[in-house]
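Have a look at the structure below, then the notes.
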Amino acid sequence: MSIGAPTGGGPPGGQLLRSAIDAGDNDEILGKVYDSRLLGRIFEYLGRVRKYLAFGAAGVVVRTAANLITPLLVALAINHIVARNVDGLTIAILLYLGVLIIMWVAQYTETLYLSYAGQGILFRMRTRMFNHLHDLSMGFFDRNKVGKIMSRVQNDVDQLQTLVTTDFINIAVNTITLIGIAVIMITIEWRLALLALSMIPVLIGVMIIWQTYARRAFVQARKTIAVVNDNLQESISGVRVTQSLSREAVNIKKFDAINKANLDANKKAAMLQGAVMPVTQMLTDSAYVLVLIFGGFQVLDGKLEVGFLLAFLLYIQRLSAPIQQLATMYTEIQRAMASGGRIFELIDVEPEIKDSPQAVELPAVKGEIKFQKVSFGYEPGMEVLHEVDFTVKPGETMAIAGRTGAGKSSIASLIARFYETRKGEVLIDGHNVVSVTEQSLRRQIGFVPQDPFLFSGSIEDNIRDGRLEASHEEIVAAAKTAGVHDFVSRMEKGYATAVGERGGNLSAGQRQLVCLARAILANPAILILDEATSSVDTNTEHIIQESLRRIAKGRTCVIVAHRLSTVTNADCITVLDHGRITEQGTHKELMARQGLYYQMYETLSNAPD
């Protein structure tokens, strides 16, 4: 979420800050503690890790049992000390050591195999989501922020993995521990047991009340830190603009307000966190004192052995922790179930663009492109293109010109079938693009986007993405055709030069040329350039123009024109206005008509460089 600039005389961004925090984030929505349908889907992912879960669960059971037995063994040892029974004391100590060893081994087994199970779940679920994301259509990514998608793949999967391998196990351990302690205490001395266990209902009530307030406080703290992070990211990304506008003071005031809100939220959370421990400790200590008093008199009266009194006191000390953990896990389970719901909501998204059961492989094409009364819009009821008709013959170069928002890039995207038409047909060599498989269609189309995207790796790696089996010599040949070879040769590491994050250590023009070389290497029958010169300097524009002349030979080219000077040699220029074709012809023909194209060309020609 983005926090706007302060207005009026109030605190900087105060109203927007409150709105941003109050709006929150659907990541904070809590799910049901028990949802049979959701749990059923979660358990589908446990198939390959069942063995690890079984070993881990066995370790949990053994460790819990050993932990419950140790106070009894201490009690036996104390009783043998009081009775001066050396043999009994020796056996008790050996048993105690044996139980400790078993508990250590069980704990190692539990930790190891539950970690294996957790990582296995993470691996399977993230792989499933990653693969699914690659199947989704462009429309999905238009509607969803990258940060939200990342949160599903990273945070939500982590939360769900914790639910399966930690939360469920801890619930079982804490429940068994409470029941086990109660049974052992009642078996030893039921009256003292009732006295000791009387604090449990009170402790449960305290934890329920505390959890109600703490949940709100902790959610508020998470919301405010999310706002802090968003503002920090925005400020760092826009630091150049901030400094150019001398806006530092405004940004600092706004961040101070946001940071103060986070501080206040965390103070409240800390206050609640700090209050619960003394209260629970007081209740535990009260039970401890009562058992010490009444149990002490029973020892003096000879009704209870001193070792068992000590065991009671040790068990009391272990009573509060399971209750606290169970109360805390209630919210954690709700949050994890909500994460599971969001994960499966993403997995259930159906691709808008997918092969029909009757789809066939598109044979090698000559490159004819035909639009027949095509209408299209990104949102229902908001059409971008209106009954567009045109034909590009094999080997021709067609340029698409028009003002911003006229629908130029939409035509380029429809050719590659990144979106579906609302009406009409897009034909490649007479084949409707919806009747052929996506892979076979896009293998024969080279697409160079307006924003040149490079993957991490070297320049050679990025060019090779056009055709993975290409040799170094073929990569160099494509680079020469695209005009990449000259500037790469001047680099110290040449084609092995790392491009940095998103190609950050290359200029916009260099990135564009590398993307062009990547498309050339694929040797497509159809090449689409979506405003490929929009962010390059005049020199790079000239290089791209020369590259296009070489590339266009023998293939169909569709060029979305930002600078009209780059398309004056096109075989045909199609001019769009508000989603409709208003003019078609060569540069010379369109200039002679003195229509929209003429106006645009004259305006841009007279604009200062």
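Identifiers for the structure tokens are assigned positionally: chains receive A, B, ... in sequence, residues are indexed from 1 per chain, and ligands are indexed from 1 in the order shown.
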Within 9 Å of Leu326 (chain A) using only C-alpha atoms, minus same-chain residues under 6 positions, as a ChimeraX atom specification: /A:170-171,174-175
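Once Phe141 (chain A) and its same-chain neighbours fewer than 3 positions away are set aside, Leu133, His134, Asp135, Leu136, Ser137, Met138, Asn144, Lys145, Val146, Gly147, Lys148, Ile149, Met150, Leu346, Val349, Pro351, Glu352, Tyr378, Phe418 and Tyr419 of chain A remain within 12 Å of it when counting only C-alpha atoms.
Distance-wise, CA of Leu195 (chain A) and CA of Gly180 (chain A) end up 16.5 Å apart.
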Atomic distance CA of Gln298 (chain A) - CA of Pro71 (chain A), expressed in Å with one decimal: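 Rounded to one decimal, the two atoms are 19.1 Å apart.
Nearest to Ile559 (chain A) of all the residues A:Lys408, A:His386, A:Lys370, A:Lys393 is A:Lys408, counting only C-alpha atoms.
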Option closest in space to Val388 (chain A), from A:Val374, A:Leu197, A:Leu521, A:Val202 [counting only C-alpha atoms]: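 Between A:Val374, A:Leu197, A:Leu521, A:Val202, the residue approaching Val388 (chain A) most closely is A:Val374.
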Backbone-only DSSP, alpha helix (DSSP H) members of region 304-505 of chain A, as a PyMOL selection string: chain A and resi 306-317+320-347+408-415+438-442+459-464+472-482+485-489
Selection near Ala399 (chain A), 7 Å with only C-alpha atoms, sequence-local residues under 5 positions removed, as a list of chain:residue names: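 What passes the distance filter is A:Val558, A:Ile559, A:Val560, A:Ala561, A:Val567, A:Ala570, A:Cys572, A:Ile573, A:Thr574.
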Got time to write the residues from that selection, N, CA and C atoms, as a JSON list (two decimals), in the first residue's frame?
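Result file follows (selection_18.json):
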[["chain", "number", "residue", "atom", "x", "y", "z"],
["A", 558, "VAL", "N", 5.93, -7.12, -37.07],
["A", 558, "VAL", "CA", 4.91, -6.20, -36.59],
["A", 558, "VAL", "C", 5.60, -5.29, -35.58],
["A", 559, "ILE", "N", 5.60, -4.00, -35.85],
["A", 559, "ILE", "CA", 6.33, -3.06, -35.00],
["A", 559, "ILE", "C", 5.33, -2.07, -34.41],
["A", 560, "VAL", "N", 5.22, -2.09, -33.09],
["A", 560, "VAL", "CA", 4.41, -1.08, -32.40],
["A", 560, "VAL", "C", 5.28, 0.16, -32.28],
["A", 561, "ALA", "N", 4.86, 1.25, -32.92],
["A", 561, "ALA", "CA", 5.73, 2.41, -33.06],
["A", 561, "ALA", "C", 5.49, 3.43, -31.97],
["A", 567, "VAL", "N", 9.68, 3.80, -38.32],
["A", 567, "VAL", "CA", 8.83, 2.93, -39.14],
["A", 567, "VAL", "C", 8.51, 3.53, -40.50],
["A", 570, "ALA", "N", 8.40, 0.99, -43.30],
["A", 570, "ALA", "CA", 7.51, -0.17, -43.20],
["A", 570, "ALA", "C", 6.68, -0.32, -44.47],
["A", 572, "CYS", "N", 3.66, -1.28, -44.57],
["A", 572, "CYS", "CA", 2.32, -0.77, -44.29],
["A", 572, "CYS", "C", 2.31, -0.19, -42.88],
["A", 573, "ILE", "N", 1.66, 0.94, -42.71],
["A", 573, "ILE", "CA", 1.50, 1.53, -41.38],
["A", 573, "ILE", "C", 0.01, 1.57, -41.07],
["A", 574, "THR", "N", -0.38, 0.95, -39.97],
["A", 574, "THR", "CA", -1.77, 0.94, -39.53],
["A", 574, "THR", "C", -1.91, 1.94, -38.40]]
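One distance worth recording is that between CA of Arg143 (chain A) and CA of Ile236 (chain A), which is 24.5 Å.
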Residue neighbourhood Ser151 (chain A), 12 Å, only C-alpha atoms, exclusion window fewer than 5 positions, as a list in words: Asp25, Asn26, Asp27, Arg126, Met129, Asn144, Lys145, Val146, Asp156, Val157, Asp158, Gln159, Ser339, Arg342, Ile343 and Leu346 of chain A
Contacts of Leu576 (chain A) at 12 Å (only C-alpha atoms; same-chain gap of 5+ positions) as an MDAnalysis selection string: chainID A and resid 384:390 399:411 560:561 581:584 595:597 600
Backbone DSSP call of strand (DSSP E) for region 385-606 of chain A, listed as a VMD selection string: chain A and resid 385 to 392 397 to 402 423 to 428 431 to 432 445 to 448 526 to 530 556 to 560 572 to 577 580 to 585
From A:Ser198, A:Thr187, A:Gln281, A:Asn266, residue lying nearest Thr224 (chain A) [only C-alpha atoms]: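 Answer, going by the shortest atom-to-atom distance: A:Asn266.
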Nearest residue to Arg318 (chain A) from the set A:Leu68, A:Ile258, A:Val291, A:Leu263 (distances using only C-alpha atoms): A:Leu68
Test item: residues at most 9 Å from region 307-311 of chain A, only C-alpha atoms, excluding those fewer than 5 positions along its chain, as a ChimeraX atom specification: /A:70-80,82,185,188-189,291-292,295-296,299,316
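In this comparison, which uses only C-alpha atoms, the residue of A:Ile428, A:Ala54, A:Val436, A:Ile551 approaching Ala478 (chain A) most closely is A:Ile551.
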